[in-house]
Protein chains: 2
Amino acid sequence: MSASAPRDAGGRLERRLDYAFERPALLARALTHRSAASDHNERLEFLGDGVLNFVIAAALFERCPEAPEGDLSRLRAALVRERTLAAIAEEIDLGEALVLGPGENRDGSRRRASILADGVEAVLGAIYCDGGFAAAQTVVHALYASRLAALPSADSLKDAKTRLQEWLQARARERPEYTLVSVTGADHCQHFVARCHLADTGDTVDGEGGGRRKAEQDAARRMLERLHADDQ
Amino acid sequence: MSASAPRDAGGRLERRLDYAFERPALLARALTHRSAASDHNERLEFLGDGVLNFVIAAALFERCPEAPEGDLSRLRAALVRERTLAAIAEEIDLGEALVLGPGENRDGSRRRASILADGVEAVLGAIYCDGGFAAAQTVVHALYASRLAALPSADSLKDAKTRLQEWLQARARERPEYTLVSVTGADHCQHFVARCHLADTGDTVDGEGGGRRKAEQDAARRMLERLHADDQ
């Protein structure tokens, strides 16, 4: 990533995407971060996020004919999240073609992952604008070929609260109850403690985190660990 | 909505959608709520949610060439939310064609809006399966014609925290700070009080609600009212 991309970085990216733009100005805009110019990629990113989410939804619908809606949602979330998109950006070396403002040339940071992920979406939005839905779909399928061929198990993507509820349900036990125990710290660094309680056995476990939801997930995870340990 | 839809309700719906299914079984599945049969519409709803979100995103991208990404996002959220989808379902009388289980035949409830909205998405998913992207896009454009022709102002869709921040920013003032004051009540009926504080003037306003975010939005709304009153 640089203030000005190396010569013909766009052309090399087109070859890696196996897509040649009719209107190269669309690609140039897709590769321009808002820190670099007023004609930047945020609108194309909005469009690309939409086409990506839908193409992945349709691919999962077709490849997983038995999967219930919840599994499809979790699989899609895993495939379109920032971490996955940033990995795809690395695979196609999107970084060398991105144009950033002087304040944004930081490497190896969380910020970098976010800029790369947004860049992938913007390029997909540009391809949709330039070549239509089928063209964008073809590129998404190519970028995701290995990931769609080796999908994780839907169960492994469930969060701790869901896994705990299903574990209890399978044993015909009551649903867990969650309460907020305390919130400490000021402003933007508040610390939450949440409690998970199983009414039928009286089991109680506390969890903590930087938000209510995180604290509840942490409590559910600890409760599952305890239940699994008791099961041994 | 009924346990078995009236004769040829599907055919009438096809005429109102101006779309004839190659595979009517897809439409039948899209109209079957999970309470009625195991071959229900939840997977098609997942697919239809994706195509709807994307078609609306692309339509807004084209119709609002000057709108920044944030405005596009807010407009899309307003167009695809449950309330809008339920209104569209009423316009095409989707209800007469939906098949529900015996426990779900409740009218006039919030539950009804949710079932109708899901039904619209499922029908769109079925059209995509049956006729491809262009067919689904044509139907979405027709269903949304009046709404896309008379879009609300993007500003009117902003939440209170965003409006407060922009009001302060426009006056070169500091950002507001939010803190959680208290959480009371047990289990699933907890009551939150949040505080909005303007460091530069010392103004402090409390808001309340059934969740942290709602309490913060309420505090921001009250702070805006106070600032507007002071402005007079």
# chains A, B, ... in the order shown; residues from 1 in each chain; ligands from 1

$ interface_residues --of "chain B" --to "chain A" --cutoff "8 Å" --atoms "only C-alpha atoms" --output "MDAnalysis selection string"
chainID B and resid 42:43 46:47 50:51 53:54 57:58 61 68:69 72:73 133 177:180 183 186:188

$ residues_around --residues "A:Ala28" --least-positions-apart "6" --cutoff "10 Å" --atoms "only C-alpha atoms" --output "PyMOL selection string"
chain A and resi 10+39-41+97-99+123+126

$ atom_distance --atom1 "atom CA of B:His191" --atom2 "atom CA of B:Arg213"
11.4 Å

$ select_by_dssp --residues "stretch 40-131 of chain A" --states "alpha helix (DSSP H)" --output "compact mmCIF listing (two decimals) with all heavy atoms, in the first residue's frame"
# COMPACT_ATOMS: atom_id res chain seq x y z
N GLU A 42 -15.51 4.36 -1.25
CA GLU A 42 -16.51 3.94 -0.25
C GLU A 42 -17.86 3.55 -0.83
O GLU A 42 -18.50 2.61 -0.35
CB GLU A 42 -16.69 5.04 0.81
CG GLU A 42 -15.57 5.00 1.83
CD GLU A 42 -15.83 5.89 3.01
OE1 GLU A 42 -16.87 6.60 3.03
OE2 GLU A 42 -14.99 5.92 3.92
N ARG A 43 -18.32 4.24 -1.85
CA ARG A 43 -19.59 3.88 -2.46
C ARG A 43 -19.48 2.51 -3.17
O ARG A 43 -20.38 1.68 -3.10
CB ARG A 43 -20.05 4.95 -3.46
CG ARG A 43 -20.67 6.20 -2.80
CD ARG A 43 -20.89 7.32 -3.82
NE ARG A 43 -21.49 6.85 -5.05
CZ ARG A 43 -22.81 6.76 -5.27
NH1 ARG A 43 -23.65 7.13 -4.34
NH2 ARG A 43 -23.26 6.31 -6.42
N LEU A 44 -18.36 2.31 -3.85
CA LEU A 44 -18.16 1.02 -4.52
C LEU A 44 -18.06 -0.11 -3.50
O LEU A 44 -18.48 -1.24 -3.74
CB LEU A 44 -16.91 1.05 -5.40
CG LEU A 44 -17.03 1.85 -6.70
CD1 LEU A 44 -15.67 2.00 -7.38
CD2 LEU A 44 -18.03 1.17 -7.66
N GLU A 45 -17.50 0.19 -2.33
CA GLU A 45 -17.40 -0.80 -1.26
C GLU A 45 -18.81 -1.20 -0.80
O GLU A 45 -19.09 -2.39 -0.57
CB GLU A 45 -16.60 -0.20 -0.11
CG GLU A 45 -16.47 -1.09 1.10
CD GLU A 45 -16.16 -0.27 2.33
OE1 GLU A 45 -15.58 0.82 2.22
OE2 GLU A 45 -16.53 -0.73 3.43
N PHE A 46 -19.70 -0.22 -0.67
CA PHE A 46 -21.10 -0.50 -0.30
C PHE A 46 -21.74 -1.45 -1.32
O PHE A 46 -22.38 -2.44 -0.96
CB PHE A 46 -21.86 0.83 -0.24
CG PHE A 46 -23.36 0.69 -0.11
CD1 PHE A 46 -23.95 0.37 1.10
CD2 PHE A 46 -24.18 0.88 -1.22
CE1 PHE A 46 -25.33 0.23 1.21
CE2 PHE A 46 -25.55 0.75 -1.12
CZ PHE A 46 -26.13 0.43 0.10
N LEU A 47 -21.53 -1.15 -2.59
CA LEU A 47 -22.10 -1.98 -3.65
C LEU A 47 -21.48 -3.38 -3.64
O LEU A 47 -22.17 -4.39 -3.76
CB LEU A 47 -21.83 -1.29 -5.00
CG LEU A 47 -22.51 -1.85 -6.23
CD1 LEU A 47 -24.02 -1.71 -6.11
CD2 LEU A 47 -22.02 -1.10 -7.48
N GLY A 48 -20.16 -3.43 -3.48
CA GLY A 48 -19.45 -4.71 -3.50
C GLY A 48 -19.81 -5.58 -2.31
O GLY A 48 -19.91 -6.81 -2.43
N ASP A 49 -20.01 -4.96 -1.15
CA ASP A 49 -20.45 -5.72 0.03
C ASP A 49 -21.76 -6.43 -0.29
O ASP A 49 -21.95 -7.60 0.06
CB ASP A 49 -20.63 -4.74 1.19
CG ASP A 49 -21.29 -5.38 2.40
OD1 ASP A 49 -20.58 -6.02 3.18
OD2 ASP A 49 -22.53 -5.25 2.54
N GLY A 50 -22.66 -5.74 -0.99
CA GLY A 50 -23.95 -6.34 -1.34
C GLY A 50 -23.80 -7.50 -2.31
O GLY A 50 -24.38 -8.57 -2.11
N VAL A 51 -23.02 -7.31 -3.36
CA VAL A 51 -22.90 -8.39 -4.35
C VAL A 51 -22.17 -9.58 -3.74
O VAL A 51 -22.54 -10.74 -3.96
CB VAL A 51 -22.25 -7.88 -5.67
CG1 VAL A 51 -20.77 -7.66 -5.54
CG2 VAL A 51 -22.53 -8.86 -6.81
N LEU A 52 -21.15 -9.31 -2.93
CA LEU A 52 -20.41 -10.40 -2.29
C LEU A 52 -21.31 -11.21 -1.36
O LEU A 52 -21.35 -12.45 -1.44
CB LEU A 52 -19.23 -9.83 -1.50
CG LEU A 52 -18.48 -10.84 -0.64
CD1 LEU A 52 -17.79 -11.89 -1.50
CD2 LEU A 52 -17.46 -10.14 0.26
N ASN A 53 -22.04 -10.52 -0.49
CA ASN A 53 -22.92 -11.22 0.44
C ASN A 53 -23.93 -12.09 -0.30
O ASN A 53 -24.20 -13.22 0.10
CB ASN A 53 -23.68 -10.21 1.31
CG ASN A 53 -22.96 -9.91 2.59
OD1 ASN A 53 -23.08 -10.63 3.56
ND2 ASN A 53 -22.16 -8.87 2.57
N PHE A 54 -24.47 -11.56 -1.40
CA PHE A 54 -25.48 -12.33 -2.11
C PHE A 54 -24.87 -13.50 -2.87
O PHE A 54 -25.40 -14.62 -2.83
CB PHE A 54 -26.28 -11.44 -3.06
CG PHE A 54 -27.18 -12.26 -3.93
CD1 PHE A 54 -28.07 -13.16 -3.37
CD2 PHE A 54 -27.10 -12.17 -5.31
CE1 PHE A 54 -28.88 -13.95 -4.17
CE2 PHE A 54 -27.90 -12.96 -6.11
CZ PHE A 54 -28.79 -13.86 -5.55
N VAL A 55 -23.75 -13.29 -3.54
CA VAL A 55 -23.14 -14.39 -4.31
C VAL A 55 -22.73 -15.52 -3.37
O VAL A 55 -22.92 -16.70 -3.68
CB VAL A 55 -21.93 -13.88 -5.14
CG1 VAL A 55 -21.15 -15.05 -5.73
CG2 VAL A 55 -22.43 -12.95 -6.25
N ILE A 56 -22.20 -15.17 -2.20
CA ILE A 56 -21.82 -16.21 -1.23
C ILE A 56 -23.08 -16.91 -0.69
O ILE A 56 -23.11 -18.14 -0.56
CB ILE A 56 -20.99 -15.60 -0.07
CG1 ILE A 56 -19.65 -15.09 -0.60
CG2 ILE A 56 -20.78 -16.61 1.04
CD1 ILE A 56 -18.74 -16.17 -1.16
N ALA A 57 -24.13 -16.14 -0.42
CA ALA A 57 -25.39 -16.76 0.04
C ALA A 57 -25.89 -17.76 -0.99
O ALA A 57 -26.26 -18.90 -0.65
CB ALA A 57 -26.45 -15.68 0.29
N ALA A 58 -25.90 -17.37 -2.26
CA ALA A 58 -26.41 -18.26 -3.31
C ALA A 58 -25.51 -19.48 -3.47
O ALA A 58 -25.99 -20.60 -3.69
CB ALA A 58 -26.51 -17.49 -4.63
N ALA A 59 -24.19 -19.30 -3.35
CA ALA A 59 -23.26 -20.43 -3.48
C ALA A 59 -23.49 -21.43 -2.34
O ALA A 59 -23.47 -22.65 -2.55
CB ALA A 59 -21.82 -19.93 -3.48
N LEU A 60 -23.69 -20.92 -1.12
CA LEU A 60 -23.92 -21.81 0.03
C LEU A 60 -25.26 -22.52 -0.10
O LEU A 60 -25.38 -23.71 0.20
CB LEU A 60 -23.85 -21.01 1.33
CG LEU A 60 -22.47 -20.48 1.69
CD1 LEU A 60 -22.57 -19.51 2.87
CD2 LEU A 60 -21.52 -21.63 2.03
N PHE A 61 -26.27 -21.78 -0.55
CA PHE A 61 -27.60 -22.36 -0.76
C PHE A 61 -27.51 -23.57 -1.69
O PHE A 61 -28.13 -24.61 -1.44
CB PHE A 61 -28.52 -21.29 -1.36
CG PHE A 61 -29.95 -21.75 -1.57
CD1 PHE A 61 -30.89 -21.58 -0.57
CD2 PHE A 61 -30.33 -22.34 -2.76
CE1 PHE A 61 -32.21 -21.99 -0.76
CE2 PHE A 61 -31.64 -22.76 -2.95
CZ PHE A 61 -32.58 -22.59 -1.95
N GLU A 62 -26.70 -23.44 -2.73
CA GLU A 62 -26.59 -24.50 -3.72
C GLU A 62 -25.72 -25.66 -3.21
O GLU A 62 -26.04 -26.83 -3.41
CB GLU A 62 -25.98 -23.91 -4.99
CG GLU A 62 -26.21 -24.71 -6.23
CD GLU A 62 -25.75 -23.94 -7.46
OE1 GLU A 62 -26.17 -22.78 -7.63
OE2 GLU A 62 -24.94 -24.49 -8.23
N ARG A 63 -24.60 -25.32 -2.56
CA ARG A 63 -23.65 -26.35 -2.15
C ARG A 63 -24.09 -27.11 -0.91
O ARG A 63 -23.58 -28.21 -0.65
CB ARG A 63 -22.29 -25.71 -1.82
CG ARG A 63 -21.45 -25.50 -3.03
CD ARG A 63 -20.25 -24.64 -2.69
NE ARG A 63 -19.48 -24.43 -3.89
CZ ARG A 63 -18.51 -25.21 -4.31
NH1 ARG A 63 -18.17 -26.27 -3.60
NH2 ARG A 63 -17.87 -24.96 -5.43
N GLU A 69 -31.26 -22.73 7.66
CA GLU A 69 -30.93 -21.32 7.47
C GLU A 69 -29.86 -20.83 8.45
O GLU A 69 -28.97 -20.08 8.06
CB GLU A 69 -32.23 -20.51 7.63
CG GLU A 69 -32.10 -19.02 7.42
CD GLU A 69 -31.63 -18.28 8.65
OE1 GLU A 69 -31.82 -18.82 9.76
OE2 GLU A 69 -31.04 -17.21 8.50
N GLY A 70 -29.92 -21.26 9.70
CA GLY A 70 -28.95 -20.81 10.69
C GLY A 70 -27.52 -21.19 10.31
O GLY A 70 -26.59 -20.39 10.48
N ASP A 71 -27.35 -22.40 9.79
CA ASP A 71 -26.02 -22.83 9.36
C ASP A 71 -25.54 -22.01 8.17
O ASP A 71 -24.37 -21.62 8.09
CB ASP A 71 -26.04 -24.32 8.97
CG ASP A 71 -26.17 -25.23 10.20
OD1 ASP A 71 -26.21 -24.71 11.33
OD2 ASP A 71 -26.23 -26.46 10.01
N LEU A 72 -26.44 -21.75 7.23
CA LEU A 72 -26.07 -20.94 6.06
C LEU A 72 -25.62 -19.54 6.51
O LEU A 72 -24.62 -19.01 6.01
CB LEU A 72 -27.25 -20.83 5.09
CG LEU A 72 -27.75 -22.13 4.44
CD1 LEU A 72 -29.00 -21.87 3.61
CD2 LEU A 72 -26.66 -22.77 3.58
N SER A 73 -26.34 -18.96 7.46
CA SER A 73 -25.99 -17.62 7.95
C SER A 73 -24.61 -17.61 8.59
O SER A 73 -23.81 -16.70 8.36
CB SER A 73 -27.00 -17.15 9.00
OG SER A 73 -28.22 -16.83 8.40
N ARG A 74 -24.35 -18.62 9.42
CA ARG A 74 -23.05 -18.67 10.10
C ARG A 74 -21.92 -18.86 9.09
O ARG A 74 -20.86 -18.26 9.21
CB ARG A 74 -23.03 -19.78 11.14
CG ARG A 74 -23.52 -19.34 12.49
CD ARG A 74 -23.36 -20.48 13.51
NE ARG A 74 -24.32 -21.53 13.27
CZ ARG A 74 -25.56 -21.53 13.76
NH1 ARG A 74 -25.96 -20.54 14.51
NH2 ARG A 74 -26.39 -22.51 13.50
N LEU A 75 -22.14 -19.74 8.11
CA LEU A 75 -21.11 -19.97 7.10
C LEU A 75 -20.85 -18.69 6.32
O LEU A 75 -19.70 -18.32 6.06
CB LEU A 75 -21.54 -21.10 6.15
CG LEU A 75 -21.46 -22.51 6.73
CD1 LEU A 75 -22.21 -23.51 5.84
CD2 LEU A 75 -19.99 -22.95 6.86
N ARG A 76 -21.92 -18.02 5.94
CA ARG A 76 -21.72 -16.78 5.18
C ARG A 76 -20.95 -15.76 6.01
O ARG A 76 -20.01 -15.13 5.53
CB ARG A 76 -23.05 -16.16 4.74
CG ARG A 76 -22.81 -14.85 4.01
CD ARG A 76 -24.06 -14.26 3.41
NE ARG A 76 -25.09 -14.03 4.40
CZ ARG A 76 -26.26 -13.48 4.15
NH1 ARG A 76 -26.55 -13.12 2.92
NH2 ARG A 76 -27.14 -13.31 5.09
N ALA A 77 -21.34 -15.61 7.29
CA ALA A 77 -20.64 -14.63 8.14
C ALA A 77 -19.15 -14.92 8.19
O ALA A 77 -18.32 -14.01 8.15
CB ALA A 77 -21.25 -14.64 9.54
N ALA A 78 -18.80 -16.22 8.27
CA ALA A 78 -17.37 -16.58 8.34
C ALA A 78 -16.67 -16.26 7.02
O ALA A 78 -15.49 -15.89 7.01
CB ALA A 78 -17.23 -18.07 8.67
N LEU A 79 -17.39 -16.38 5.91
CA LEU A 79 -16.76 -16.18 4.59
C LEU A 79 -16.64 -14.71 4.21
O LEU A 79 -15.79 -14.37 3.38
CB LEU A 79 -17.54 -16.93 3.51
CG LEU A 79 -17.41 -18.46 3.57
CD1 LEU A 79 -18.36 -19.13 2.57
CD2 LEU A 79 -15.97 -18.90 3.29
N VAL A 80 -17.47 -13.85 4.75
CA VAL A 80 -17.41 -12.44 4.33
C VAL A 80 -16.83 -11.53 5.41
O VAL A 80 -16.77 -10.32 5.22
CB VAL A 80 -18.81 -11.90 3.91
CG1 VAL A 80 -19.39 -12.75 2.79
CG2 VAL A 80 -19.76 -11.84 5.09
N GLU A 82 -14.14 -9.58 7.91
CA GLU A 82 -12.94 -8.82 7.55
C GLU A 82 -11.70 -9.70 7.44
O GLU A 82 -10.90 -9.55 6.51
CB GLU A 82 -12.73 -7.73 8.61
CG GLU A 82 -11.52 -6.87 8.36
CD GLU A 82 -11.34 -5.83 9.44
OE1 GLU A 82 -12.22 -4.96 9.56
OE2 GLU A 82 -10.35 -5.90 10.20
N ARG A 83 -11.55 -10.64 8.38
CA ARG A 83 -10.35 -11.47 8.39
C ARG A 83 -10.22 -12.27 7.09
O ARG A 83 -9.14 -12.38 6.50
CB ARG A 83 -10.40 -12.42 9.59
CG ARG A 83 -9.03 -12.88 10.07
CD ARG A 83 -9.14 -14.09 10.99
NE ARG A 83 -10.16 -13.92 12.02
CZ ARG A 83 -10.66 -14.93 12.74
NH1 ARG A 83 -10.26 -16.18 12.53
NH2 ARG A 83 -11.58 -14.71 13.67
N THR A 84 -11.34 -12.84 6.64
CA THR A 84 -11.32 -13.63 5.41
C THR A 84 -11.03 -12.74 4.20
O THR A 84 -10.21 -13.09 3.33
CB THR A 84 -12.67 -14.34 5.21
OG1 THR A 84 -13.01 -15.04 6.41
CG2 THR A 84 -12.61 -15.32 4.05
N LEU A 85 -11.68 -11.58 4.16
CA LEU A 85 -11.47 -10.68 3.03
C LEU A 85 -10.03 -10.17 2.99
O LEU A 85 -9.43 -10.03 1.92
CB LEU A 85 -12.44 -9.49 3.12
CG LEU A 85 -13.88 -9.83 2.74
CD1 LEU A 85 -14.81 -8.69 3.11
CD2 LEU A 85 -13.96 -10.11 1.24
N ALA A 86 -9.45 -9.91 4.16
CA ALA A 86 -8.06 -9.44 4.19
C ALA A 86 -7.13 -10.55 3.70
O ALA A 86 -6.14 -10.28 2.99
CB ALA A 86 -7.68 -9.01 5.61
N ALA A 87 -7.44 -11.81 4.02
CA ALA A 87 -6.62 -12.93 3.55
C ALA A 87 -6.71 -13.03 2.02
O ALA A 87 -5.71 -13.26 1.33
CB ALA A 87 -7.07 -14.23 4.21
N ILE A 88 -7.91 -12.85 1.50
CA ILE A 88 -8.08 -12.89 0.04
C ILE A 88 -7.30 -11.74 -0.61
O ILE A 88 -6.65 -11.91 -1.64
CB ILE A 88 -9.58 -12.83 -0.32
CG1 ILE A 88 -10.24 -14.17 0.04
CG2 ILE A 88 -9.80 -12.49 -1.79
CD1 ILE A 88 -11.74 -14.19 -0.10
N ALA A 89 -7.34 -10.57 0.03
CA ALA A 89 -6.59 -9.43 -0.50
C ALA A 89 -5.10 -9.76 -0.57
O ALA A 89 -4.41 -9.40 -1.54
CB ALA A 89 -6.81 -8.20 0.38
N GLU A 90 -4.58 -10.46 0.45
CA GLU A 90 -3.16 -10.84 0.44
C GLU A 90 -2.90 -11.82 -0.71
O GLU A 90 -1.87 -11.73 -1.40
CB GLU A 90 -2.74 -11.48 1.77
CG GLU A 90 -2.92 -10.60 3.00
CD GLU A 90 -1.86 -9.50 3.13
OE1 GLU A 90 -0.99 -9.39 2.24
OE2 GLU A 90 -1.94 -8.73 4.11
N GLU A 91 -3.83 -12.75 -0.91
CA GLU A 91 -3.63 -13.76 -1.96
C GLU A 91 -3.53 -13.13 -3.35
O GLU A 91 -2.81 -13.63 -4.22
CB GLU A 91 -4.79 -14.78 -1.93
CG GLU A 91 -4.75 -15.72 -0.72
CD GLU A 91 -6.09 -16.38 -0.39
OE1 GLU A 91 -6.97 -16.40 -1.27
OE2 GLU A 91 -6.25 -16.84 0.74
N ARG A 110 -4.16 -3.69 12.52
CA ARG A 110 -5.57 -4.01 12.36
C ARG A 110 -6.18 -3.12 11.28
O ARG A 110 -7.02 -3.53 10.50
CB ARG A 110 -6.25 -3.79 13.71
CG ARG A 110 -7.75 -3.82 13.64
CD ARG A 110 -8.32 -4.88 14.50
NE ARG A 110 -9.73 -5.00 14.20
CZ ARG A 110 -10.69 -5.05 15.10
NH1 ARG A 110 -10.37 -5.06 16.38
NH2 ARG A 110 -11.93 -5.16 14.76
N ARG A 111 -5.72 -1.87 11.27
CA ARG A 111 -6.19 -0.90 10.28
C ARG A 111 -5.92 -1.41 8.87
O ARG A 111 -6.74 -1.24 7.97
CB ARG A 111 -5.44 0.41 10.54
CG ARG A 111 -5.84 1.55 9.64
CD ARG A 111 -6.88 2.43 10.29
NE ARG A 111 -7.38 3.36 9.29
CZ ARG A 111 -8.54 3.23 8.69
NH1 ARG A 111 -9.34 2.25 9.02
NH2 ARG A 111 -8.93 4.10 7.78
N ARG A 112 -4.76 -2.04 8.69
CA ARG A 112 -4.41 -2.55 7.38
C ARG A 112 -5.41 -3.61 6.92
O ARG A 112 -5.84 -3.61 5.77
CB ARG A 112 -2.99 -3.13 7.41
CG ARG A 112 -2.57 -3.77 6.11
CD ARG A 112 -1.14 -4.35 6.21
NE ARG A 112 -0.90 -5.28 5.12
CZ ARG A 112 -0.47 -4.92 3.92
NH1 ARG A 112 -0.20 -3.66 3.67
NH2 ARG A 112 -0.30 -5.82 2.97
N ALA A 113 -5.78 -4.52 7.83
CA ALA A 113 -6.74 -5.57 7.48
C ALA A 113 -8.06 -4.95 7.03
O ALA A 113 -8.67 -5.39 6.05
CB ALA A 113 -6.96 -6.50 8.67
N SER A 114 -8.48 -3.92 7.73
CA SER A 114 -9.75 -3.28 7.40
C SER A 114 -9.68 -2.61 6.03
O SER A 114 -10.61 -2.71 5.21
CB SER A 114 -10.09 -2.28 8.50
OG SER A 114 -10.95 -1.29 8.03
N ILE A 115 -8.57 -1.93 5.74
CA ILE A 115 -8.43 -1.25 4.44
C ILE A 115 -8.38 -2.27 3.30
O ILE A 115 -8.99 -2.07 2.24
CB ILE A 115 -7.18 -0.35 4.44
CG1 ILE A 115 -7.40 0.84 5.38
CG2 ILE A 115 -6.83 0.12 3.03
CD1 ILE A 115 -6.17 1.71 5.59
N LEU A 116 -7.68 -3.37 3.52
CA LEU A 116 -7.59 -4.41 2.49
C LEU A 116 -8.96 -5.05 2.24
O LEU A 116 -9.36 -5.26 1.10
CB LEU A 116 -6.58 -5.49 2.92
CG LEU A 116 -5.10 -5.14 2.81
CD1 LEU A 116 -4.25 -6.25 3.43
CD2 LEU A 116 -4.69 -4.89 1.37
N ALA A 117 -9.67 -5.36 3.32
CA ALA A 117 -10.99 -5.98 3.18
C ALA A 117 -11.94 -5.05 2.42
O ALA A 117 -12.67 -5.48 1.51
CB ALA A 117 -11.56 -6.33 4.56
N ASP A 118 -11.93 -3.78 2.79
CA ASP A 118 -12.78 -2.81 2.10
C ASP A 118 -12.39 -2.72 0.62
O ASP A 118 -13.25 -2.56 -0.25
CB ASP A 118 -12.65 -1.42 2.73
CG ASP A 118 -13.20 -1.38 4.15
OD1 ASP A 118 -13.85 -2.36 4.56
OD2 ASP A 118 -12.96 -0.38 4.84
N GLY A 119 -11.10 -2.83 0.36
CA GLY A 119 -10.63 -2.76 -1.03
C GLY A 119 -11.15 -3.91 -1.87
O GLY A 119 -11.55 -3.72 -3.03
N VAL A 120 -11.18 -5.12 -1.29
CA VAL A 120 -11.72 -6.27 -2.03
C VAL A 120 -13.18 -5.99 -2.39
O VAL A 120 -13.61 -6.19 -3.53
CB VAL A 120 -11.61 -7.57 -1.20
CG1 VAL A 120 -12.35 -8.71 -1.90
CG2 VAL A 120 -10.15 -7.94 -0.99
N GLU A 121 -13.95 -5.53 -1.42
CA GLU A 121 -15.37 -5.25 -1.69
C GLU A 121 -15.52 -4.18 -2.77
O GLU A 121 -16.37 -4.29 -3.66
CB GLU A 121 -16.08 -4.82 -0.40
CG GLU A 121 -16.19 -5.96 0.61
CD GLU A 121 -16.97 -5.58 1.85
OE1 GLU A 121 -17.02 -4.38 2.19
OE2 GLU A 121 -17.53 -6.48 2.49
N ALA A 122 -14.69 -3.13 -2.68
CA ALA A 122 -14.79 -2.05 -3.67
C ALA A 122 -14.48 -2.57 -5.07
O ALA A 122 -15.14 -2.18 -6.05
CB ALA A 122 -13.86 -0.91 -3.29
N VAL A 123 -13.47 -3.43 -5.20
CA VAL A 123 -13.13 -3.98 -6.52
C VAL A 123 -14.30 -4.82 -7.05
O VAL A 123 -14.64 -4.74 -8.24
CB VAL A 123 -11.84 -4.82 -6.44
CG1 VAL A 123 -11.64 -5.66 -7.69
CG2 VAL A 123 -10.64 -3.89 -6.22
N LEU A 124 -14.96 -5.59 -6.16
CA LEU A 124 -16.12 -6.38 -6.61
C LEU A 124 -17.27 -5.47 -7.04
O LEU A 124 -17.95 -5.74 -8.03
CB LEU A 124 -16.57 -7.33 -5.49
CG LEU A 124 -15.57 -8.43 -5.14
CD1 LEU A 124 -16.04 -9.20 -3.90
CD2 LEU A 124 -15.39 -9.38 -6.32
N GLY A 125 -17.45 -4.36 -6.32
CA GLY A 125 -18.47 -3.39 -6.71
C GLY A 125 -18.16 -2.81 -8.08
O GLY A 125 -19.05 -2.63 -8.92
N ALA A 126 -16.89 -2.53 -8.32
CA ALA A 126 -16.47 -1.96 -9.61
C ALA A 126 -16.70 -2.96 -10.73
O ALA A 126 -17.13 -2.59 -11.83
CB ALA A 126 -15.01 -1.55 -9.54
N ILE A 127 -16.43 -4.24 -10.47
CA ILE A 127 -16.65 -5.26 -11.51
C ILE A 127 -18.14 -5.37 -11.82
O ILE A 127 -18.54 -5.49 -12.98
CB ILE A 127 -16.05 -6.62 -11.07
CG1 ILE A 127 -14.52 -6.52 -11.01
CG2 ILE A 127 -16.48 -7.74 -12.03
CD1 ILE A 127 -13.83 -7.73 -10.42
N TYR A 128 -18.99 -5.30 -10.77
CA TYR A 128 -20.43 -5.34 -11.03
C TYR A 128 -20.86 -4.15 -11.91
O TYR A 128 -21.61 -4.30 -12.87
CB TYR A 128 -21.22 -5.34 -9.73
CG TYR A 128 -22.71 -5.16 -9.97
CD1 TYR A 128 -23.48 -6.22 -10.45
CD2 TYR A 128 -23.33 -3.93 -9.77
CE1 TYR A 128 -24.83 -6.05 -10.73
CE2 TYR A 128 -24.68 -3.75 -10.03
CZ TYR A 128 -25.42 -4.82 -10.51
OH TYR A 128 -26.75 -4.64 -10.78
N CYS A 129 -20.35 -2.96 -11.58
CA CYS A 129 -20.68 -1.77 -12.38
C CYS A 129 -20.22 -1.92 -13.82
O CYS A 129 -20.89 -1.51 -14.75
CB CYS A 129 -19.96 -0.54 -11.82
SG CYS A 129 -20.80 0.23 -10.47
N ASP A 130 -19.05 -2.50 -13.96
CA ASP A 130 -18.41 -2.56 -15.28
C ASP A 130 -18.96 -3.69 -16.12
O ASP A 130 -19.20 -3.52 -17.32
CB ASP A 130 -16.90 -2.78 -15.07
CG ASP A 130 -16.10 -2.62 -16.34
OD1 ASP A 130 -16.02 -1.48 -16.84
OD2 ASP A 130 -15.56 -3.63 -16.86
N GLY A 131 -19.17 -4.86 -15.50
CA GLY A 131 -19.50 -6.05 -16.30
C GLY A 131 -20.81 -6.72 -15.95
O GLY A 131 -21.19 -7.72 -16.57

$ atom_distance --atom1 "atom CA of A:Ala136" --atom2 "atom CA of A:Ala20"
11.8 Å

$ atom_distance --atom1 "atom CA of B:Arg175" --atom2 "atom CA of B:Phe192"
21.9 Å

$ select_by_dssp --residues "stretch 32-207 of chain A" --states "strand (DSSP E or B)" --output "count of residues only"
21
